[in-house]
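This is entry_2.cif (mmCIF, C-alpha atoms).
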```
data_entry
#
loop_
_atom_site.label_atom_id
_atom_site.label_comp_id
_atom_site.auth_asym_id
_atom_site.auth_seq_id
_atom_site.Cartn_x
_atom_site.Cartn_y
_atom_site.Cartn_z
CA MET E 1 -14.14 51.56 -11.66
CA GLY E 2 -15.22 53.01 -15.00
CA ALA E 3 -14.36 49.75 -16.76
CA GLY E 4 -16.39 47.77 -14.23
CA THR E 5 -19.40 50.02 -14.76
CA ALA E 6 -19.11 49.67 -18.53
CA THR E 7 -18.89 45.89 -18.18
CA LYS E 8 -22.01 45.78 -16.03
CA ARG E 9 -23.87 47.93 -18.55
CA SER E 10 -22.77 45.63 -21.37
CA LEU E 11 -23.95 42.58 -19.44
CA ARG E 12 -27.31 44.23 -18.75
CA ALA E 13 -27.63 45.07 -22.44
CA LEU E 14 -26.91 41.45 -23.37
CA ALA E 15 -29.37 40.19 -20.77
CA GLU E 16 -32.04 42.43 -22.26
CA TYR E 17 -31.82 40.44 -25.49
CA ASP E 18 -31.46 36.91 -24.09
CA VAL E 19 -35.12 36.09 -24.77
CA LEU E 20 -34.79 37.39 -28.33
CA ALA E 21 -31.67 35.27 -28.85
CA LEU E 22 -33.25 32.07 -27.53
CA THR E 23 -36.50 32.69 -29.40
CA ALA E 24 -34.55 33.19 -32.63
CA LEU E 25 -32.40 30.09 -32.03
CA ILE E 26 -35.50 27.93 -31.60
CA TRP E 27 -36.83 29.40 -34.85
CA PHE E 28 -33.48 28.64 -36.51
CA LEU E 29 -33.79 25.00 -35.45
CA ALA E 30 -37.39 24.85 -36.67
CA LYS E 31 -36.39 26.16 -40.10
CA PHE E 32 -33.32 23.91 -40.21
CA LEU E 33 -35.40 20.79 -39.66
CA ARG E 34 -38.12 21.81 -42.11
CA TYR E 35 -35.74 22.86 -44.88
CA ALA E 36 -33.62 19.73 -44.53
CA PHE E 37 -36.39 17.86 -46.35
CA PRO E 38 -36.37 19.48 -49.84
CA PRO E 39 -32.63 18.74 -50.40
CA LEU E 40 -33.37 15.15 -49.35
CA PHE E 41 -36.26 14.77 -51.80
CA PRO E 42 -34.06 13.54 -54.69
CA ALA E 43 -32.57 10.88 -52.42
CA PHE E 44 -36.02 9.93 -51.08
CA ARG E 45 -37.40 9.74 -54.63
CA ASP E 46 -34.61 7.40 -55.74
CA ALA E 47 -34.30 5.26 -52.60
CA LEU E 48 -38.02 4.87 -51.87
CA GLY E 49 -39.26 4.90 -55.46
CA VAL E 50 -41.86 7.61 -54.85
CA SER E 51 -43.03 10.39 -57.17
CA SER E 52 -42.79 14.17 -56.79
CA ALA E 53 -46.51 14.19 -56.05
CA VAL E 54 -46.06 11.82 -53.08
CA LEU E 55 -43.23 13.94 -51.71
CA GLY E 56 -45.34 17.05 -52.19
CA VAL E 57 -48.25 15.50 -50.30
CA ALA E 58 -45.91 14.53 -47.44
CA PHE E 59 -44.53 18.06 -47.25
CA THR E 60 -48.06 19.44 -47.46
CA ALA E 61 -49.12 17.20 -44.56
CA MET E 62 -46.29 18.58 -42.42
CA LEU E 63 -47.14 22.17 -43.31
CA THR E 64 -50.86 21.51 -42.74
CA VAL E 65 -50.17 20.42 -39.18
CA TYR E 66 -47.88 23.44 -38.83
CA ALA E 67 -50.64 25.73 -40.10
CA ALA E 68 -53.31 24.15 -37.90
CA MET E 69 -51.31 25.08 -34.79
CA GLN E 70 -51.18 28.83 -35.51
CA PHE E 71 -54.49 29.83 -33.96
CA PRO E 72 -54.52 27.36 -31.03
CA SER E 73 -51.00 28.36 -30.03
CA GLY E 74 -51.81 32.07 -30.10
CA ALA E 75 -55.06 31.66 -28.19
CA LEU E 76 -53.37 29.34 -25.68
CA ALA E 77 -50.57 31.86 -25.14
CA ASP E 78 -53.23 34.47 -24.35
CA ARG E 79 -54.34 32.20 -21.51
CA ILE E 80 -51.25 30.49 -20.09
CA GLY E 81 -48.35 32.62 -21.31
CA ALA E 82 -45.79 32.39 -24.09
CA ARG E 83 -43.12 30.53 -22.16
CA ARG E 84 -45.09 27.32 -21.64
CA VAL E 85 -46.29 27.24 -25.25
CA ILE E 86 -42.83 27.80 -26.75
CA VAL E 87 -41.19 25.23 -24.46
CA ALA E 88 -43.84 22.63 -25.27
CA GLY E 89 -43.35 23.25 -28.99
CA ALA E 90 -39.59 22.79 -28.73
CA VAL E 91 -40.05 19.50 -26.85
CA VAL E 92 -42.45 18.11 -29.48
CA THR E 93 -40.06 19.21 -32.22
CA GLY E 94 -37.28 17.30 -30.48
CA VAL E 95 -39.43 14.17 -30.33
CA GLY E 96 -40.16 14.43 -34.06
CA ALA E 97 -36.46 14.84 -34.84
CA LEU E 98 -35.69 11.81 -32.67
CA VAL E 99 -38.18 9.70 -34.65
CA LEU E 100 -36.44 10.72 -37.86
CA ALA E 101 -33.02 9.93 -36.37
CA VAL E 102 -33.77 6.21 -35.99
CA PRO E 103 -32.98 4.13 -39.13
CA VAL E 104 -35.71 1.62 -40.01
CA PRO E 105 -36.08 -1.06 -42.73
CA GLU E 106 -37.10 0.28 -46.14
CA PRO E 107 -40.71 -1.01 -46.11
CA LEU E 108 -41.35 1.16 -43.03
CA ALA E 109 -39.09 4.07 -43.96
CA LEU E 110 -41.67 6.24 -45.75
CA GLY E 111 -44.20 5.86 -42.93
CA VAL E 112 -41.63 6.74 -40.27
CA ILE E 113 -40.45 9.74 -42.26
CA VAL E 114 -44.02 11.00 -42.56
CA VAL E 115 -44.66 10.52 -38.82
CA GLY E 116 -41.47 12.40 -37.99
CA MET E 117 -42.39 15.19 -40.41
CA LEU E 118 -45.83 15.53 -38.82
CA LEU E 119 -44.33 15.81 -35.34
CA VAL E 120 -41.85 18.41 -36.56
CA GLY E 121 -44.75 20.34 -38.11
CA LEU E 122 -46.72 20.11 -34.88
CA GLY E 123 -43.86 21.28 -32.67
CA THR E 124 -42.61 24.09 -34.88
CA GLY E 125 -46.16 25.23 -35.62
CA VAL E 126 -46.65 26.69 -32.16
CA HIS E 127 -43.58 28.91 -32.24
CA LYS E 128 -43.86 31.80 -34.69
CA THR E 129 -47.27 33.18 -33.73
CA VAL E 130 -46.36 33.22 -30.05
CA ALA E 131 -42.85 34.55 -30.75
CA VAL E 132 -44.15 37.53 -32.77
CA ARG E 133 -46.57 38.37 -29.98
CA LEU E 134 -43.89 38.01 -27.31
CA LEU E 135 -41.24 40.08 -29.08
CA SER E 136 -43.65 42.84 -30.05
CA ARG E 137 -44.45 43.28 -26.35
CA LEU E 138 -40.88 42.96 -25.09
CA TYR E 139 -39.48 45.41 -27.66
CA PRO E 140 -42.38 47.76 -28.46
CA GLY E 141 -40.25 50.50 -29.99
CA ARG E 142 -38.06 48.07 -31.91
CA THR E 143 -40.59 45.52 -33.13
CA GLY E 144 -39.48 45.59 -36.76
CA ARG E 145 -35.84 45.18 -35.77
CA ALA E 146 -36.59 42.34 -33.32
CA LEU E 147 -38.69 40.48 -35.88
CA GLY E 148 -35.96 41.07 -38.45
CA VAL E 149 -33.49 39.33 -36.14
CA LEU E 150 -35.96 36.50 -35.52
CA ASP E 151 -36.66 35.90 -39.19
CA THR E 152 -33.05 36.36 -40.28
CA LEU E 153 -31.68 33.80 -37.86
CA GLY E 154 -34.56 31.50 -38.69
CA ALA E 155 -33.88 31.84 -42.39
CA PHE E 156 -30.28 30.83 -41.82
CA GLY E 157 -31.67 27.46 -40.84
CA GLY E 158 -32.44 27.21 -44.53
CA VAL E 159 -28.83 28.10 -45.32
CA ALA E 160 -27.43 25.48 -42.98
CA ALA E 161 -29.84 22.65 -43.86
CA PRO E 162 -28.83 21.93 -47.49
CA ALA E 163 -25.15 22.37 -46.65
CA ALA E 164 -25.52 19.91 -43.77
CA VAL E 165 -27.34 17.43 -46.02
CA VAL E 166 -24.53 17.57 -48.56
CA ALA E 167 -21.94 17.19 -45.80
CA VAL E 168 -23.41 14.10 -44.16
CA THR E 169 -24.46 12.33 -47.33
CA GLY E 170 -20.94 12.63 -48.69
CA ALA E 171 -19.10 12.05 -45.41
CA THR E 172 -16.09 9.74 -45.59
CA VAL E 173 -13.14 8.83 -43.39
CA ALA E 174 -9.97 7.99 -45.30
CA GLY E 175 -12.09 7.66 -48.43
CA VAL E 176 -14.48 5.17 -46.83
CA ALA E 177 -18.15 6.09 -46.34
CA VAL E 178 -19.26 6.27 -42.71
CA PRO E 179 -22.45 4.15 -42.48
CA TRP E 180 -23.85 5.84 -39.39
CA LEU E 181 -23.11 9.39 -40.57
CA ASP E 182 -26.01 10.04 -42.92
CA TRP E 183 -29.12 12.20 -42.89
CA HIS E 184 -30.35 10.46 -39.74
CA ALA E 185 -27.48 12.12 -37.86
CA LEU E 186 -28.87 15.55 -38.75
CA PHE E 187 -32.11 14.82 -36.97
CA LEU E 188 -30.34 13.30 -33.97
CA ALA E 189 -28.41 16.55 -33.57
CA GLY E 190 -31.69 18.42 -33.98
CA ALA E 191 -33.32 16.41 -31.21
CA VAL E 192 -30.47 17.18 -28.81
CA ALA E 193 -30.54 20.88 -29.72
CA ALA E 194 -34.31 21.07 -29.25
CA GLY E 195 -34.07 19.64 -25.75
CA GLY E 196 -31.30 22.04 -24.75
CA LEU E 197 -33.09 25.10 -26.11
CA ALA E 198 -36.34 24.12 -24.42
CA LEU E 199 -34.51 23.91 -21.10
CA LEU E 200 -32.73 27.25 -21.54
CA PHE E 201 -35.87 29.07 -22.68
CA GLY E 202 -37.89 27.64 -19.80
CA ARG E 203 -35.32 28.95 -17.34
CA SER E 204 -34.64 32.33 -18.95
CA ALA E 205 -37.91 33.62 -20.39
CA PRO E 206 -40.37 35.55 -18.20
CA ASP E 207 -43.79 34.15 -17.42
CA PRO E 208 -45.86 37.34 -17.53
CA GLY E 209 -49.08 35.39 -17.77
CA ALA E 210 -48.66 34.29 -14.16
CA ALA E 211 -49.26 37.77 -12.78
CA ASP E 212 -52.32 38.25 -14.95
CA ARG E 213 -53.73 34.87 -13.97
CA ASP E 214 -53.28 35.72 -10.30
CA ALA E 215 -55.06 39.01 -10.84
CA ALA E 216 -57.83 37.29 -12.78
CA GLY E 217 -58.19 34.81 -9.96
CA ASP E 218 -58.78 37.70 -7.58
CA GLY E 219 -61.46 39.02 -9.93
CA ALA E 220 -59.51 42.14 -10.87
CA ASP E 221 -57.22 43.37 -13.60
CA ASP E 222 -54.15 44.99 -12.08
CA GLY E 223 -53.63 47.12 -15.20
CA ASN E 224 -49.98 46.16 -15.54
CA THR E 225 -48.71 47.31 -18.93
CA ASP E 226 -44.98 46.95 -18.29
CA ASP E 227 -43.61 45.73 -21.59
CA THR E 228 -40.55 44.18 -20.01
CA ALA E 229 -42.42 42.20 -17.41
CA ASP E 230 -45.87 41.63 -18.90
CA THR E 231 -45.53 40.13 -22.36
CA ASP E 232 -48.81 38.21 -22.66
CA ASP E 233 -52.45 39.00 -21.96
CA THR E 234 -54.58 36.20 -20.58
CA ALA E 235 -57.97 35.68 -22.12
CA ASP E 236 -59.69 36.43 -18.82
CA ALA E 237 -57.96 39.78 -18.42
CA ALA E 238 -58.61 40.69 -22.03
CA ASP E 239 -62.29 39.79 -21.88
CA THR E 240 -62.94 41.76 -18.70
CA ALA E 241 -60.67 44.74 -19.30
CA ASP E 242 -60.97 45.46 -23.03
CA THR E 243 -64.47 45.63 -24.51
CA THR E 244 -63.93 48.84 -26.45
CA ASP E 245 -63.37 49.37 -30.14
CA THR E 246 -59.57 49.34 -30.23
CA HIS E 247 -59.35 49.02 -34.00
CA GLY E 248 -61.01 52.36 -34.62
CA ASP E 249 -63.39 51.00 -37.22
CA GLY E 250 -66.10 49.05 -35.44
CA VAL E 251 -64.05 45.96 -34.58
CA ALA E 252 -64.55 45.37 -30.89
CA ALA E 253 -62.58 42.99 -28.69
CA ASP E 254 -65.58 41.30 -27.07
CA ALA E 255 -65.78 38.09 -25.10
CA GLY E 256 -67.18 36.10 -27.96
CA GLY E 257 -64.26 33.69 -28.38
CA LEU E 258 -63.89 32.85 -32.06
CA ARG E 259 -66.30 35.68 -32.95
CA ARG E 260 -63.83 38.15 -31.47
CA TYR E 261 -61.16 37.00 -33.91
CA ALA E 262 -63.56 36.65 -36.86
CA ALA E 263 -64.67 40.26 -36.27
CA LEU E 264 -61.23 41.45 -37.35
CA PHE E 265 -62.12 40.59 -40.94
CA ARG E 266 -65.04 43.03 -41.02
CA GLU E 267 -62.50 45.74 -41.79
CA PRO E 268 -62.03 45.56 -45.59
CA THR E 269 -58.39 46.63 -45.84
CA PHE E 270 -57.39 44.12 -43.17
CA ALA E 271 -59.18 41.33 -45.03
CA VAL E 272 -57.55 42.33 -48.34
CA PHE E 273 -54.09 42.41 -46.75
CA VAL E 274 -54.64 38.96 -45.28
CA LEU E 275 -55.62 37.71 -48.75
CA ALA E 276 -52.43 39.26 -50.15
CA THR E 277 -50.24 37.52 -47.60
CA VAL E 278 -52.10 34.24 -48.19
CA CYS E 279 -51.20 34.47 -51.89
CA PHE E 280 -47.59 35.20 -50.97
CA SER E 281 -47.47 32.25 -48.59
CA PHE E 282 -48.78 29.91 -51.29
CA ALA E 283 -46.12 31.08 -53.75
CA TYR E 284 -43.24 31.11 -51.27
CA ASN E 285 -43.87 27.71 -49.73
CA GLY E 286 -44.43 26.08 -53.09
CA ALA E 287 -41.19 27.51 -54.44
CA VAL E 288 -39.14 26.64 -51.37
CA ALA E 289 -40.42 23.06 -51.25
CA PHE E 290 -39.39 22.25 -54.82
CA LEU E 291 -36.70 24.74 -55.80
CA PRO E 292 -33.88 22.13 -55.74
CA LEU E 293 -35.86 19.85 -58.08
CA TYR E 294 -36.89 22.81 -60.27
CA LEU E 295 -33.26 23.86 -60.67
CA THR E 296 -32.18 20.35 -61.73
CA ASP E 297 -35.22 19.27 -63.76
CA ALA E 298 -36.35 22.54 -65.39
CA ALA E 299 -33.28 24.79 -65.29
CA GLY E 300 -30.89 21.95 -66.10
CA LEU E 301 -28.37 22.71 -63.35
CA PRO E 302 -26.19 20.06 -61.65
CA GLY E 303 -27.35 18.85 -58.25
CA THR E 304 -24.47 20.47 -56.38
CA THR E 305 -25.13 23.83 -58.04
CA ALA E 306 -28.83 23.53 -57.26
CA SER E 307 -28.04 22.92 -53.57
CA LEU E 308 -25.69 25.92 -53.53
CA LEU E 309 -28.35 28.20 -55.02
CA TYR E 310 -30.91 26.82 -52.60
CA SER E 311 -28.65 27.84 -49.72
CA GLY E 312 -28.21 31.23 -51.38
CA LEU E 313 -31.96 31.73 -51.26
CA PHE E 314 -31.64 31.86 -47.47
CA VAL E 315 -28.26 33.60 -47.23
CA VAL E 316 -29.89 36.76 -48.56
CA SER E 317 -32.29 36.70 -45.61
CA LEU E 318 -29.91 39.21 -43.99
CA VAL E 319 -32.02 41.76 -45.84
CA GLN E 320 -34.64 41.28 -43.12
CA LEU E 321 -32.46 43.27 -40.72
CA VAL E 322 -32.62 46.16 -43.18
CA THR E 323 -36.31 45.96 -44.09
CA GLY E 324 -37.41 45.44 -40.50
CA ASP E 325 -35.49 48.52 -39.33
CA LEU E 326 -36.59 50.51 -42.40
CA SER E 327 -40.25 49.75 -41.70
CA ASP E 328 -39.84 51.23 -38.22
CA ARG E 329 -38.68 54.46 -39.88
CA VAL E 330 -40.80 54.91 -43.00
CA GLY E 331 -43.81 52.68 -42.33
CA GLN E 332 -44.69 49.11 -43.20
CA LEU E 333 -46.77 49.38 -46.38
CA PRO E 334 -44.16 51.06 -48.62
CA VAL E 335 -41.59 48.43 -47.64
CA ILE E 336 -44.11 45.64 -48.12
CA ALA E 337 -44.94 46.82 -51.64
CA ALA E 338 -41.26 47.15 -52.62
CA THR E 339 -40.27 43.72 -51.33
CA LEU E 340 -43.23 41.97 -52.93
CA GLY E 341 -42.40 43.66 -56.22
CA LEU E 342 -38.83 42.37 -56.07
CA ALA E 343 -39.94 38.84 -55.19
CA THR E 344 -42.42 38.81 -58.07
CA ALA E 345 -39.79 40.04 -60.53
CA GLY E 346 -37.37 37.36 -59.34
CA LEU E 347 -39.81 34.48 -59.76
CA LEU E 348 -40.96 35.69 -63.18
CA ALA E 349 -37.32 35.94 -64.27
CA LEU E 350 -36.63 32.42 -63.01
CA LEU E 351 -39.20 31.14 -65.51
CA SER E 352 -37.59 32.83 -68.50
CA VAL E 353 -33.80 32.89 -68.06
CA SER E 354 -31.13 30.23 -68.48
CA GLY E 355 -27.54 29.77 -67.37
CA VAL E 356 -26.09 29.62 -63.87
CA VAL E 357 -25.52 33.37 -63.52
CA ALA E 358 -28.97 34.45 -64.71
CA VAL E 359 -30.80 31.74 -62.77
CA GLY E 360 -28.74 32.55 -59.68
CA ALA E 361 -29.61 36.25 -60.00
CA ALA E 362 -33.31 35.38 -60.27
CA VAL E 363 -33.11 33.19 -57.16
CA VAL E 364 -31.34 35.98 -55.26
CA ALA E 365 -33.97 38.55 -56.29
CA PHE E 366 -36.77 36.21 -55.25
CA GLY E 367 -35.02 35.57 -51.93
CA LEU E 368 -34.33 39.24 -51.21
CA GLY E 369 -37.93 40.21 -51.84
CA SER E 370 -39.47 37.26 -50.01
CA HIS E 371 -37.31 37.49 -46.92
CA GLY E 372 -37.51 41.26 -46.84
CA PHE E 373 -41.30 41.04 -46.83
CA ARG E 374 -41.71 38.61 -43.95
CA PRO E 375 -40.71 40.63 -40.84
CA VAL E 376 -42.52 43.73 -42.13
CA ARG E 377 -45.67 41.69 -42.64
CA GLY E 378 -45.43 40.56 -39.00
CA ALA E 379 -44.87 44.12 -37.78
CA TYR E 380 -47.85 45.37 -39.80
CA LEU E 381 -50.15 42.70 -38.41
CA ALA E 382 -48.93 43.31 -34.85
CA ALA E 383 -49.74 47.01 -35.31
CA VAL E 384 -53.26 46.64 -36.73
CA ILE E 385 -54.62 43.76 -34.64
CA PRO E 386 -56.27 44.98 -31.41
CA GLU E 387 -54.31 44.34 -28.23
CA ALA E 388 -56.90 42.11 -26.57
CA SER E 389 -57.05 39.87 -29.64
CA ALA E 390 -53.34 39.92 -30.47
CA GLY E 391 -52.40 36.32 -29.76
CA GLY E 392 -55.45 34.59 -31.20
CA GLY E 393 -55.92 37.19 -33.95
CA LEU E 394 -52.41 36.70 -35.26
CA GLY E 395 -52.95 32.96 -34.89
CA VAL E 396 -56.03 33.11 -37.13
CA VAL E 397 -54.12 35.03 -39.78
CA ARG E 398 -51.15 32.68 -39.66
CA THR E 399 -53.49 29.68 -39.84
CA LEU E 400 -54.90 31.04 -43.10
CA LEU E 401 -51.59 31.95 -44.68
CA MET E 402 -49.83 28.78 -43.54
CA GLY E 403 -52.81 26.72 -44.66
CA ALA E 404 -52.36 28.16 -48.15
CA GLY E 405 -48.63 27.54 -47.88
CA ALA E 406 -49.23 23.96 -46.79
CA PHE E 407 -51.44 23.33 -49.82
CA ALA E 408 -48.79 24.62 -52.25
CA PRO E 409 -46.33 21.67 -52.27
CA ALA E 410 -49.08 19.21 -53.17
CA VAL E 411 -50.21 21.49 -56.01
CA VAL E 412 -46.66 22.00 -57.29
CA GLY E 413 -45.86 18.28 -57.10
CA GLY E 414 -49.04 17.30 -58.90
CA VAL E 415 -48.69 19.91 -61.65
CA ALA E 416 -45.00 19.06 -62.07
CA ASP E 417 -45.76 15.36 -62.55
CA ALA E 418 -48.48 16.22 -65.08
CA THR E 419 -46.91 19.04 -67.12
CA GLY E 420 -43.45 19.83 -65.72
CA PHE E 421 -41.93 22.19 -63.18
CA GLY E 422 -42.11 25.17 -65.54
CA ALA E 423 -45.91 25.17 -65.46
CA ALA E 424 -45.94 24.47 -61.71
CA PHE E 425 -43.76 27.49 -60.97
CA GLY E 426 -45.90 29.55 -63.34
CA VAL E 427 -48.82 28.97 -60.98
CA LEU E 428 -46.68 30.26 -58.12
CA ALA E 429 -45.68 33.37 -60.09
CA ALA E 430 -49.37 34.14 -60.75
CA ALA E 431 -50.02 33.97 -57.00
CA LEU E 432 -47.23 36.48 -56.35
CA VAL E 433 -48.63 38.85 -58.99
CA ALA E 434 -52.00 38.66 -57.22
CA SER E 435 -50.34 39.35 -53.85
CA LEU E 436 -48.62 42.45 -55.22
CA GLY E 437 -51.85 43.75 -56.74
CA LEU E 438 -53.82 43.28 -53.53
CA THR E 439 -51.12 45.05 -51.53
CA GLY E 440 -51.40 47.98 -53.91
CA VAL E 441 -55.13 48.15 -53.13
CA VAL E 442 -54.41 48.25 -49.39
CA ALA E 443 -51.79 50.99 -49.85
CA VAL E 444 -54.18 53.16 -51.87
CA VAL E 445 -57.07 52.75 -49.42
CA ASP E 446 -54.79 53.31 -46.41
CA ARG E 447 -53.66 56.76 -47.60
#
```
What does the file become when written as structure tokens?
Amino acid sequence: MGAGTATKRSLRALAEYDVLALTALIWFLAKFLRYAFPPLFPAFRDALGVSSAVLGVAFTAMLTVYAAMQFPSGALADRIGARRVIVAGAVVTGVGALVLAVPVPEPLALGVIVVGMLLVGLGTGVHKTVAVRLLSRLYPGRTGRALGVLDTLGAFGGVAAPAAVVAVTGATVAGVAVPWLDWHALFLAGAVAAGGLALLFGRSAPDPGAADRDAAGDGADDGNTDDTADTDDTADAADTADTTDTHGDGVAADAGGLRRYAALFREPTFAVFVLATVCFSFAYNGAVAFLPLYLTDAAGLPGTTASLLYSGLFVVSLVQLVTGDLSDRVGQLPVIAATLGLATAGLLALLSVSGVVAVGAAVVAFGLGSHGFRPVRGAYLAAVIPEASAGGGLGVVRTLLMGAGAFAPAVVGGVADATGFGAAFGVLAAALVASLGLTGVVAVVDR
């Protein structure tokens, strides 16, 4: 009897986190598909005869589409609910992976790769903004921890991707290469996984927007604030029920559409923090896009070692579980400052050290700081953005920071072709220094 009760409690506890698990698995797949490209860049450069600048522009195009979806996805989730938006994103991601899974003749290969990358950017671009909003409502007292799980599992997509690329590109049976088992197989598996996760999420996740839309249709807001059943505000409910200054500083959640979200930036410390995270996004995305090539071309490491260190950059993402939980206990800004400081130190060291051990330590420091920062940034933004503007407001912020991140690979590729990867990564280090300084300003003003 006691054992049966304990089992039921365990099952209920697991069921409580099923949405978190599925949301994080979709994010894992999104990161896996995106981070499969940088380890493939050397092969693309040799097989297709393209430059680092061309590869950087292609990666920038994918990230630009990704960035462009941040605000629309958040605003759309405010209206129709998170479930529909996340499912649609997973389906589009699967279609993009399927395009990449089909081998084509070499004259068409670059164009097909770019089309597939754009579709992957489009599909994955709708996920994170909506997921942060959803999880912060489902787990209000454990937001930092939930986002730490989300970002940690997502980051492990970056661990798995380079290892999978190495595995399939070197796959043999009895010493004979398998012609159909190459990088195309990775994206075929990704397409199948995307379809399965979309189906499971559509069946398991709540649709809290439905209740709000029914209430809005009746011309009334039912006032439901149940965090376990009502995870998204519709725009109609927000516009009619919340016209007060919820930010405490003159930022009102009015019915002015884009003006409601733009009004968030009237608060100086919020605007400065957004600028800080934009600088971080530029540095992080630029480094992640070209770290394998930097390690081989500038640091002089063998390709296999470079791939191993690239995986290590994401292995250390486990730190997100620690920093997310720590931010719930001591506050977000101290953790943000500490993690940005570590990331900055790591990238500066990467520019000045040599040897596998020293370079590896610099990569680990950069990874620990960067990954530790990300969930706490999300928790901070979820805390300071007014409730009625949460979906679209976070979408605006993520559009800005991902837009800067999308621009970075093109800059790094162009500078690397002109002057080398050392100078290109120096630009990224300067951006991290700026991010750390701006965060210090926010911390001082926020006291």
request  = Measure the distance from atom CA of E:Leu308 to atom CA of E:Gly158 in Å and round it to one decimal.
outcome  = 11.3 Å
Can you write out as a Markdown table which residues of stretch 253-345 of chain E fall within 10 Å of stretch 121-142 of chain E, alongside each residue's closest atom pair and its distance in Å to one decimal, counting all atoms listed in the file and ordering rows by chain and ascending residue number?
```
| residue | atom | partner | partner_atom | distance |
| --- | --- | --- | --- | --- |
| E:Gly324 | CA | E:Arg142 | CA | 9.0 |
| E:Asp325 | CA | E:Arg142 | CA | 7.9 |
| E:Asp328 | CA | E:Arg142 | CA | 7.3 |
```
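Between atom CA of E:Met117 and atom CA of E:Leu29 there is a distance of 14.0 Å.
The smallest atom-to-atom distance between E:Val149 and any of E:Thr296, E:Gln320, E:Thr169, E:Ser73, using all atoms listed in the file, is found for E:Gln320.
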key: Within 12 Å of file point (-26.9, 10.8, -33.6), counting all atoms listed in the file, expressed as a VMD selection string   = chain E and resid 97 to 103 168 179 to 193
Restricting the output to C-alpha atoms, write the selected residues as an mmCIF file, keeping the file's coordinate frame.
```cif
data_model
loop_
_atom_site.group_PDB
_atom_site.id
_atom_site.type_symbol
_atom_site.label_atom_id
_atom_site.label_comp_id
_atom_site.auth_asym_id
_atom_site.auth_seq_id
_atom_site.Cartn_x
_atom_site.Cartn_y
_atom_site.Cartn_z
ATOM 1 C CA ALA E 97 -36.460 14.840 -34.840
ATOM 2 C CA LEU E 98 -35.690 11.810 -32.670
ATOM 3 C CA VAL E 99 -38.180 9.700 -34.650
ATOM 4 C CA LEU E 100 -36.440 10.720 -37.860
ATOM 5 C CA ALA E 101 -33.020 9.930 -36.370
ATOM 6 C CA VAL E 102 -33.770 6.210 -35.990
ATOM 7 C CA PRO E 103 -32.980 4.130 -39.130
ATOM 8 C CA VAL E 168 -23.410 14.100 -44.160
ATOM 9 C CA PRO E 179 -22.450 4.150 -42.480
ATOM 10 C CA TRP E 180 -23.850 5.840 -39.390
ATOM 11 C CA LEU E 181 -23.110 9.390 -40.570
ATOM 12 C CA ASP E 182 -26.010 10.040 -42.920
ATOM 13 C CA TRP E 183 -29.120 12.200 -42.890
ATOM 14 C CA HIS E 184 -30.350 10.460 -39.740
ATOM 15 C CA ALA E 185 -27.480 12.120 -37.860
ATOM 16 C CA LEU E 186 -28.870 15.550 -38.750
ATOM 17 C CA PHE E 187 -32.110 14.820 -36.970
ATOM 18 C CA LEU E 188 -30.340 13.300 -33.970
ATOM 19 C CA ALA E 189 -28.410 16.550 -33.570
ATOM 20 C CA GLY E 190 -31.690 18.420 -33.980
ATOM 21 C CA ALA E 191 -33.320 16.410 -31.210
ATOM 22 C CA VAL E 192 -30.470 17.180 -28.810
ATOM 23 C CA ALA E 193 -30.540 20.880 -29.720
#
```
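Across the structure, atom CA of E:Val315 and atom CA of E:Asp151 are spaced 11.9 Å apart.
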With all atoms of stretch 294-302 of chain E from the file as input, state the centre and edge lengths in Å to one decimal of the axis-aligned box that has 8 Å extra on each side, as lines of an AutoDock Vina configuration file.
```
center_x = -31.5
center_y = 22.0
center_z = -63.2
size_x = 26.7
size_y = 21.5
size_z = 21.8
```
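For the structure in this document, the set picked by the PyMOL selection byres ((chain E and resi 445) around 12) is Glu267, Pro268, Thr269, Phe270, Val272, Phe273, Leu333, Leu438, Thr439, Gly440, Val441, Val442, Ala443, Val444, Asp446 and Arg447 of chain E.
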ask   = Just so the selection is clear, what residues does the PyMOL selection byres ((chain E and resi 274) around 12) cover here, as number ranges by chain?
value = E: 264-273, 275-281, 377-378, 380-381, 384-385, 393-394, 396-402, 404, 435, 438-439, 442
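Using only C-alpha atoms, the smallest distance between any of E:Leu293, E:Val91, E:Leu150, E:Val376 and E:Arg329 comes from E:Val376.
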Each residue of stretch 376-442 of chain E lying at most 10 Å from stretch 50-64 of chain E should get a row with its shortest atom-to-atom pair and the distance in Å to one decimal, counting all atoms listed in the file; could you produce that, ordered by chain and increasing number, as CSV?
```
residue,atom,partner,partner_atom,distance
E:Thr399,CA,E:Thr64,CA,9.1
E:Met402,CA,E:Leu63,CA,7.1
E:Gly403,CA,E:Thr64,CA,5.9
E:Ala404,CA,E:Thr64,CA,8.7
E:Gly405,CA,E:Leu63,CA,7.2
E:Ala406,CA,E:Leu63,CA,4.4
E:Phe407,CA,E:Thr60,CA,5.7
E:Ala408,CA,E:Thr60,CA,7.1
E:Pro409,CA,E:Gly56,CA,4.7
E:Ala410,CA,E:Gly56,CA,4.4
E:Val411,CA,E:Gly56,CA,7.6
E:Val412,CA,E:Gly56,CA,7.2
E:Gly413,CA,E:Ala53,CA,4.3
E:Gly414,CA,E:Ala53,CA,4.9
E:Val415,CA,E:Ala53,CA,8.3
E:Ala416,CA,E:Ser52,CA,7.5
E:Asp417,CA,E:Ser52,CA,6.6
E:Ala418,CA,E:Ala53,CA,9.5
```
task = Find, counting only C-alpha atoms, the residue in E:Gly395, E:Val356, E:Ala423, E:Leu291 that gets nearest to E:Ala68.
result = E:Gly395
